[in-house]
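Asks: Structure incoming, see below.
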Amino acid sequence: MIREDALPPALAAIVAGLSREVAPPLEVRIGAPDLRPWITGNALPGVWSFTAPEPGPHVAVVALTHGNEIAGAVVLDRWLRAGLRPQRGRLSLVFANLDAYSRFDPEDPTASRFIDEDMNRLWDEETLSGGRRSCELRRARLLRPFFETVDVLLDLHSMLWPSDPLILAGGTARAQRLALEVGLPPLVVADEGHAAGRRLIDFGPFADPGRGCTGLLVEAGAHWEASTIDTMEAVAARLLRLLGTAGAEDALLRPDPPGREMPRPRLAEVTRTITARTPGFAFMRPFRGGQVVPARNTLIALDGEEEIRTPHDDCLLVMPSLRTMPGHTAVRLARFVGG
């Protein structure tokens with residue numbers, strides 16, 4: 001066991017000071033859209049749903065599961081203003097946590113992630129049907145029957161800490177296959193979620209291996225950058241075209257970037273989820289999501305006196321949170337599948 005006072009002085013200073021000194025960029029480079037025209041919805045408050053004459057799957061694209069992740073709201077606002085409609089099946093556009101979004105302040109952009117609790121940790125039967133009360137639970141319970149009608153769900157997210165974009169495909173083989181077919185971002189991560197609670201993509205119909213419903217979550221880039229909007233819209237457009245919800249030449253959907261060959265998509269499976277146990281959790285250096293640590297047993301973090309080491313060679317670091325609290329996911333460690 002390596003104690004902080006047993007480390008070389010320079011390394012000990014890094015470990016002790018990382019949580020205090022490493023701070024993510026908080027500059028908001030995109031505008032928060034005016035969602036007042038969309039608050040009432042046509043299916044539920046904040047939910048707009050359109051059905052085509054031709055049969056097809058019910059596809060839902062969700063923004064604002066976290067109220068400060070505004071890039072997804074920009075995408076859905078643009079689509080609604082442009083009058084996007086499905087070619088086949090049913091298309092629903094969902095603003096999930098409008099109450100938290102209403103408090104978004106670019107001067108303090110992390111404060112409106114949620115009001116009472118994280119809306120993306122509530123999607124298990126016990127929590128949804130239990131007696132607990134919160135703003136986010138009230139909204140989740142309202143949306144639950146609607147999500148039970150969805151065949152394919154895409155949840156649009158962005159990231160606070162530096163990381164390459166990726167798709168989280170949960171634990172079902174069908175979600176992993178669909179994410180690889182979409183192919184953007186080219187990194188697909190199969191995982192079982194968080195110790196703190198189940199995500200929307202882990203909600204019953206989407207996680208049940210006996211059902212045909214599929215949930216994907218895209219982490220499209222830094223919270224408040226224009227490039228993140230572009231990535232979200234490109235991923236969602238690819239999905240709608242792939243499923244036949246939109247036509248191949250639909251002019252309202254963003255095309256893939258011209259003249260750019262996409263890398264072959266790869267699947268990585270999470271082998272260990274690291275949940276912080278102490279307030280002193282700190283990485284040995286400020287890792288970036290998507291980095292690969294070549295050697296097994298490399299020390300990457302300390303959680304109090306517990307060493308966190310890579311469990312295998314070529315260990316992919318999935319979305320390391322460089323400042324985390326006890327009970328929250330600090331990083332997921334993953335191994336690439338196949339060549």
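Residue numbers start at 1 in each chain; chains themselves are named A, B, ... in the order of the structure tokens; ligands are numbered from 1 in the order shown.
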Please list as a ChimeraX atom specification every residue within 10 Å of segment 187-197 of chain A, counting only C-alpha atoms and excluding residues in the same chain fewer than 4 positions away.
Replies: /A:118-124,127,164-173,175-180,182-183,201-202,207,216-218,263-275,290,316,318,327-329,332-337
Asks: May I have the residues within 6 Å of Leu156 of chain A as a PDB file with N, CA and C atoms, in the first residue's frame, using only C-alpha atoms and disregarding those fewer than 3 positions away in the same chain?
Replies:
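See selection10.pdb below for the written result:
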ATOM      1  N   VAL A  62     -33.262  12.368 -26.947  1.00  0.00           N
ATOM      2  CA  VAL A  62     -33.465  13.028 -25.659  1.00  0.00           C
ATOM      3  C   VAL A  62     -32.336  14.014 -25.403  1.00  0.00           C
ATOM      4  N   ALA A  63     -32.703  15.227 -25.009  1.00  0.00           N
ATOM      5  CA  ALA A  63     -31.739  16.243 -24.579  1.00  0.00           C
ATOM      6  C   ALA A  63     -32.065  16.669 -23.154  1.00  0.00           C
ATOM      7  N   GLY A  72     -27.413  19.482 -26.634  1.00  0.00           N
ATOM      8  CA  GLY A  72     -28.514  18.680 -27.159  1.00  0.00           C
ATOM      9  C   GLY A  72     -29.773  19.488 -27.362  1.00  0.00           C
ATOM     10  N   VAL A 218     -24.831   9.023 -26.157  1.00  0.00           N
ATOM     11  CA  VAL A 218     -23.639   9.594 -26.779  1.00  0.00           C
ATOM     12  C   VAL A 218     -23.072  10.675 -25.872  1.00  0.00           C
TER      13      VAL A 218
END
Asks: DSSP on the backbone, then: every residue of segment 22-214 of chain A marked alpha helix (DSSP H), written as a PyMOL selection string.
Replies: chain A and resi 71-82+98-101+125-129+135-147+173-182+204-207
Asks: Can I get the selection written as a short mmCIF file (atom, residue, chain, number, x, y, z; two decimals), in the first residue's frame, with N, CA and C atoms?
Replies:
data_model
loop_
_atom_site.label_atom_id
_atom_site.label_comp_id
_atom_site.auth_asym_id
_atom_site.auth_seq_id
_atom_site.Cartn_x
_atom_site.Cartn_y
_atom_site.Cartn_z
N ALA A 71 -26.03 21.54 -25.31
CA ALA A 71 -25.79 21.31 -26.74
C ALA A 71 -26.91 20.48 -27.35
N GLY A 72 -27.41 19.48 -26.63
CA GLY A 72 -28.51 18.68 -27.16
C GLY A 72 -29.77 19.49 -27.36
N ALA A 73 -30.01 20.45 -26.47
CA ALA A 73 -31.18 21.33 -26.63
C ALA A 73 -31.05 22.17 -27.89
N VAL A 74 -29.83 22.56 -28.24
CA VAL A 74 -29.62 23.33 -29.48
C VAL A 74 -30.03 22.48 -30.69
N VAL A 75 -29.65 21.20 -30.68
CA VAL A 75 -29.99 20.32 -31.80
C VAL A 75 -31.50 20.16 -31.93
N LEU A 76 -32.17 19.81 -30.83
CA LEU A 76 -33.62 19.58 -30.91
C LEU A 76 -34.38 20.86 -31.23
N ASP A 77 -33.94 21.98 -30.69
CA ASP A 77 -34.58 23.26 -31.00
C ASP A 77 -34.48 23.55 -32.50
N ARG A 78 -33.32 23.29 -33.09
CA ARG A 78 -33.15 23.54 -34.53
C ARG A 78 -34.07 22.62 -35.34
N TRP A 79 -34.15 21.37 -34.97
CA TRP A 79 -34.99 20.43 -35.70
C TRP A 79 -36.47 20.81 -35.61
N LEU A 80 -36.90 21.22 -34.42
CA LEU A 80 -38.31 21.61 -34.26
C LEU A 80 -38.63 22.86 -35.06
N ARG A 81 -37.73 23.84 -35.02
CA ARG A 81 -37.97 25.07 -35.78
C ARG A 81 -37.96 24.81 -37.28
N ALA A 82 -37.16 23.83 -37.72
CA ALA A 82 -37.08 23.51 -39.14
C ALA A 82 -38.23 22.63 -39.61
N LEU A 98 -36.44 20.17 -17.96
CA LEU A 98 -36.64 21.58 -18.27
C LEU A 98 -36.52 22.46 -17.02
N ASP A 99 -36.89 21.93 -15.86
CA ASP A 99 -36.79 22.73 -14.64
C ASP A 99 -35.34 23.09 -14.35
N ALA A 100 -34.45 22.12 -14.47
CA ALA A 100 -33.03 22.42 -14.24
C ALA A 100 -32.50 23.35 -15.32
N TYR A 101 -32.90 23.12 -16.57
CA TYR A 101 -32.44 23.98 -17.66
C TYR A 101 -32.87 25.43 -17.44
N GLU A 125 -36.73 0.12 -11.04
CA GLU A 125 -38.11 -0.06 -10.62
C GLU A 125 -38.32 0.40 -9.18
N GLU A 126 -37.40 0.06 -8.30
CA GLU A 126 -37.56 0.41 -6.89
C GLU A 126 -37.61 1.92 -6.69
N THR A 127 -36.74 2.64 -7.38
CA THR A 127 -36.71 4.10 -7.23
C THR A 127 -37.95 4.73 -7.87
N LEU A 128 -38.29 4.31 -9.07
CA LEU A 128 -39.42 4.92 -9.76
C LEU A 128 -40.75 4.65 -9.07
N SER A 129 -40.88 3.49 -8.43
CA SER A 129 -42.14 3.13 -7.78
C SER A 129 -42.13 3.36 -6.28
N CYS A 135 -37.73 16.69 -7.47
CA CYS A 135 -38.12 17.30 -8.75
C CYS A 135 -37.83 16.33 -9.90
N GLU A 136 -36.64 15.72 -9.89
CA GLU A 136 -36.26 14.84 -10.99
C GLU A 136 -37.07 13.55 -11.00
N LEU A 137 -37.38 13.02 -9.82
CA LEU A 137 -38.21 11.82 -9.78
C LEU A 137 -39.62 12.09 -10.28
N ARG A 138 -40.16 13.23 -9.95
CA ARG A 138 -41.49 13.59 -10.44
C ARG A 138 -41.49 13.61 -11.98
N ARG A 139 -40.46 14.18 -12.56
CA ARG A 139 -40.36 14.23 -14.02
C ARG A 139 -40.13 12.83 -14.61
N ALA A 140 -39.27 12.04 -13.98
CA ALA A 140 -39.01 10.68 -14.48
C ALA A 140 -40.28 9.84 -14.44
N ARG A 141 -41.06 9.98 -13.38
CA ARG A 141 -42.31 9.20 -13.28
C ARG A 141 -43.32 9.63 -14.35
N LEU A 142 -43.32 10.90 -14.69
CA LEU A 142 -44.20 11.36 -15.76
C LEU A 142 -43.76 10.80 -17.11
N LEU A 143 -42.44 10.75 -17.34
CA LEU A 143 -41.92 10.30 -18.62
C LEU A 143 -41.90 8.79 -18.77
N ARG A 144 -41.93 8.08 -17.66
CA ARG A 144 -41.78 6.64 -17.71
C ARG A 144 -42.73 5.94 -18.69
N PRO A 145 -44.05 6.17 -18.64
CA PRO A 145 -44.93 5.46 -19.58
C PRO A 145 -44.61 5.78 -21.03
N PHE A 146 -44.18 7.01 -21.28
CA PHE A 146 -43.78 7.37 -22.64
C PHE A 146 -42.56 6.57 -23.08
N PHE A 147 -41.53 6.50 -22.24
CA PHE A 147 -40.32 5.77 -22.62
C PHE A 147 -40.59 4.28 -22.82
N ALA A 173 -26.19 -6.82 -26.17
CA ALA A 173 -25.49 -7.00 -27.44
C ALA A 173 -26.16 -6.20 -28.55
N ARG A 174 -27.50 -6.07 -28.51
CA ARG A 174 -28.19 -5.35 -29.60
C ARG A 174 -27.80 -3.88 -29.60
N ALA A 175 -27.63 -3.27 -28.41
CA ALA A 175 -27.22 -1.87 -28.36
C ALA A 175 -25.79 -1.71 -28.87
N GLN A 176 -24.93 -2.65 -28.53
CA GLN A 176 -23.55 -2.58 -29.00
C GLN A 176 -23.49 -2.69 -30.52
N ARG A 177 -24.29 -3.61 -31.08
CA ARG A 177 -24.32 -3.75 -32.55
C ARG A 177 -24.82 -2.48 -33.23
N LEU A 178 -25.88 -1.90 -32.68
CA LEU A 178 -26.44 -0.68 -33.28
C LEU A 178 -25.43 0.46 -33.21
N ALA A 179 -24.76 0.61 -32.07
CA ALA A 179 -23.77 1.68 -31.93
C ALA A 179 -22.65 1.52 -32.94
N LEU A 180 -22.20 0.29 -33.16
CA LEU A 180 -21.14 0.05 -34.14
C LEU A 180 -21.64 0.34 -35.55
N GLU A 181 -22.90 0.06 -35.82
CA GLU A 181 -23.47 0.39 -37.14
C GLU A 181 -23.54 1.89 -37.35
N VAL A 182 -23.93 2.64 -36.31
CA VAL A 182 -23.93 4.10 -36.43
C VAL A 182 -22.52 4.58 -36.72
N GLY A 204 -35.67 -0.55 -17.71
CA GLY A 204 -36.18 -1.87 -18.03
C GLY A 204 -36.23 -2.29 -19.47
N PRO A 205 -37.07 -1.65 -20.33
CA PRO A 205 -37.19 -2.13 -21.72
C PRO A 205 -35.86 -2.11 -22.48
N PHE A 206 -35.01 -1.13 -22.19
CA PHE A 206 -33.77 -1.00 -22.94
C PHE A 206 -32.70 -1.98 -22.48
N ALA A 207 -32.79 -2.43 -21.24
CA ALA A 207 -31.78 -3.34 -20.68
C ALA A 207 -32.22 -4.79 -20.68
#
Asks: Name the residues of segment 256-335 of chain A that fall into strand (DSSP E or B) according to DSSP on the backbone, using the chain letters and numbers of this document, as a PyMOL selection string.
Replies: chain A and resi 266-275+282-283+289+292-293+299-303+306-309+315-318+329-335
Asks: Quick one: write out the picked residues with C-alpha atoms as a PDB file, in the first residue's frame?
Replies:
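So part-v7.pdb came out as:
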ATOM      1  CA  ARG A 266     -14.221  -0.230 -32.115  1.00  0.00           C
ATOM      2  CA  LEU A 267     -15.921  -1.826 -29.139  1.00  0.00           C
ATOM      3  CA  ALA A 268     -14.450  -1.740 -25.658  1.00  0.00           C
ATOM      4  CA  GLU A 269     -15.876  -3.610 -22.671  1.00  0.00           C
ATOM      5  CA  VAL A 270     -15.598  -2.156 -19.194  1.00  0.00           C
ATOM      6  CA  THR A 271     -13.685  -4.532 -16.943  1.00  0.00           C
ATOM      7  CA  ARG A 272     -13.818  -2.447 -13.767  1.00  0.00           C
ATOM      8  CA  THR A 273     -15.772   0.618 -12.661  1.00  0.00           C
ATOM      9  CA  ILE A 274     -13.912   2.693 -10.080  1.00  0.00           C
ATOM     10  CA  THR A 275     -16.233   4.404  -7.597  1.00  0.00           C
ATOM     11  CA  ALA A 282      -6.919  11.640  -6.807  1.00  0.00           C
ATOM     12  CA  PHE A 283      -5.362  10.532 -10.069  1.00  0.00           C
ATOM     13  CA  GLY A 289     -10.708  10.125 -21.494  1.00  0.00           C
ATOM     14  CA  VAL A 292      -4.783   3.860 -23.221  1.00  0.00           C
ATOM     15  CA  VAL A 293      -2.387   2.818 -20.459  1.00  0.00           C
ATOM     16  CA  LEU A 299      -0.721   2.959 -10.653  1.00  0.00           C
ATOM     17  CA  ILE A 300      -3.214   5.544 -11.927  1.00  0.00           C
ATOM     18  CA  ALA A 301      -4.862   6.878  -8.753  1.00  0.00           C
ATOM     19  CA  LEU A 302      -5.047   6.760  -4.976  1.00  0.00           C
ATOM     20  CA  ASP A 303      -8.327   6.552  -3.062  1.00  0.00           C
ATOM     21  CA  GLU A 306      -5.991   2.330  -1.652  1.00  0.00           C
ATOM     22  CA  GLU A 307      -4.041   2.006  -4.875  1.00  0.00           C
ATOM     23  CA  ILE A 308      -5.982   2.032  -8.144  1.00  0.00           C
ATOM     24  CA  ARG A 309      -4.058   0.093 -10.776  1.00  0.00           C
ATOM     25  CA  CYS A 315      -6.291  -0.393 -20.498  1.00  0.00           C
ATOM     26  CA  LEU A 316      -8.678   2.221 -21.900  1.00  0.00           C
ATOM     27  CA  LEU A 317      -9.621   5.031 -19.507  1.00  0.00           C
ATOM     28  CA  VAL A 318     -13.287   5.899 -19.980  1.00  0.00           C
ATOM     29  CA  THR A 329     -17.816   7.093 -10.589  1.00  0.00           C
ATOM     30  CA  ALA A 330     -14.207   8.234 -10.923  1.00  0.00           C
ATOM     31  CA  VAL A 331     -13.302   6.266 -14.066  1.00  0.00           C
ATOM     32  CA  ARG A 332     -14.196   3.115 -15.959  1.00  0.00           C
ATOM     33  CA  LEU A 333     -11.411   0.814 -17.101  1.00  0.00           C
ATOM     34  CA  ALA A 334     -12.008  -1.046 -20.345  1.00  0.00           C
ATOM     35  CA  ARG A 335     -10.464  -3.538 -22.752  1.00  0.00           C
TER      36      ARG A 335
END
Asks: Nearest to Cys213 of chain A: which of A:His58, A:Arg133, A:Arg285, A:Arg277 is it, counting only C-alpha atoms?
Replies: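 Among the listed residues, the smallest separation from Cys213 of chain A belongs to A:His58.
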Asks: Taking only C-alpha atoms into account, which of A:Ala276, A:Val47, A:Ala251, A:Val150 comes nearest Val94 of chain A?
Replies: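 When distances to Val94 of chain A are compared using only C-alpha atoms, the smallest one comes from A:Val47.
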Asks: Mind pulling up the distance from atom CA of Ser158 of chain A to atom CA of Thr228 of chain A?
Replies: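 Computed distance, atom CA of Thr228 of chain A to atom CA of Ser158 of chain A, equals 7.2 Å.
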Asks: Which residues are close to Arg103 of chain A, i.e. within 12 Å by only C-alpha atoms, leaving aside same-chain residues fewer than 5 positions away? Reply as JSON, numbers by chain.
Replies: {"A": [32, 66, 67, 68, 70, 97, 98, 108, 109, 110, 111, 112, 113, 114, 115]}
Asks: Excluding Leu160 of chain A and its own-chain neighbours fewer than 3 positions away, which residues fall within 8 Å of it when counting only C-alpha atoms? Please give them as a PyMOL selection string.
Replies: chain A and resi 24-25+222-223
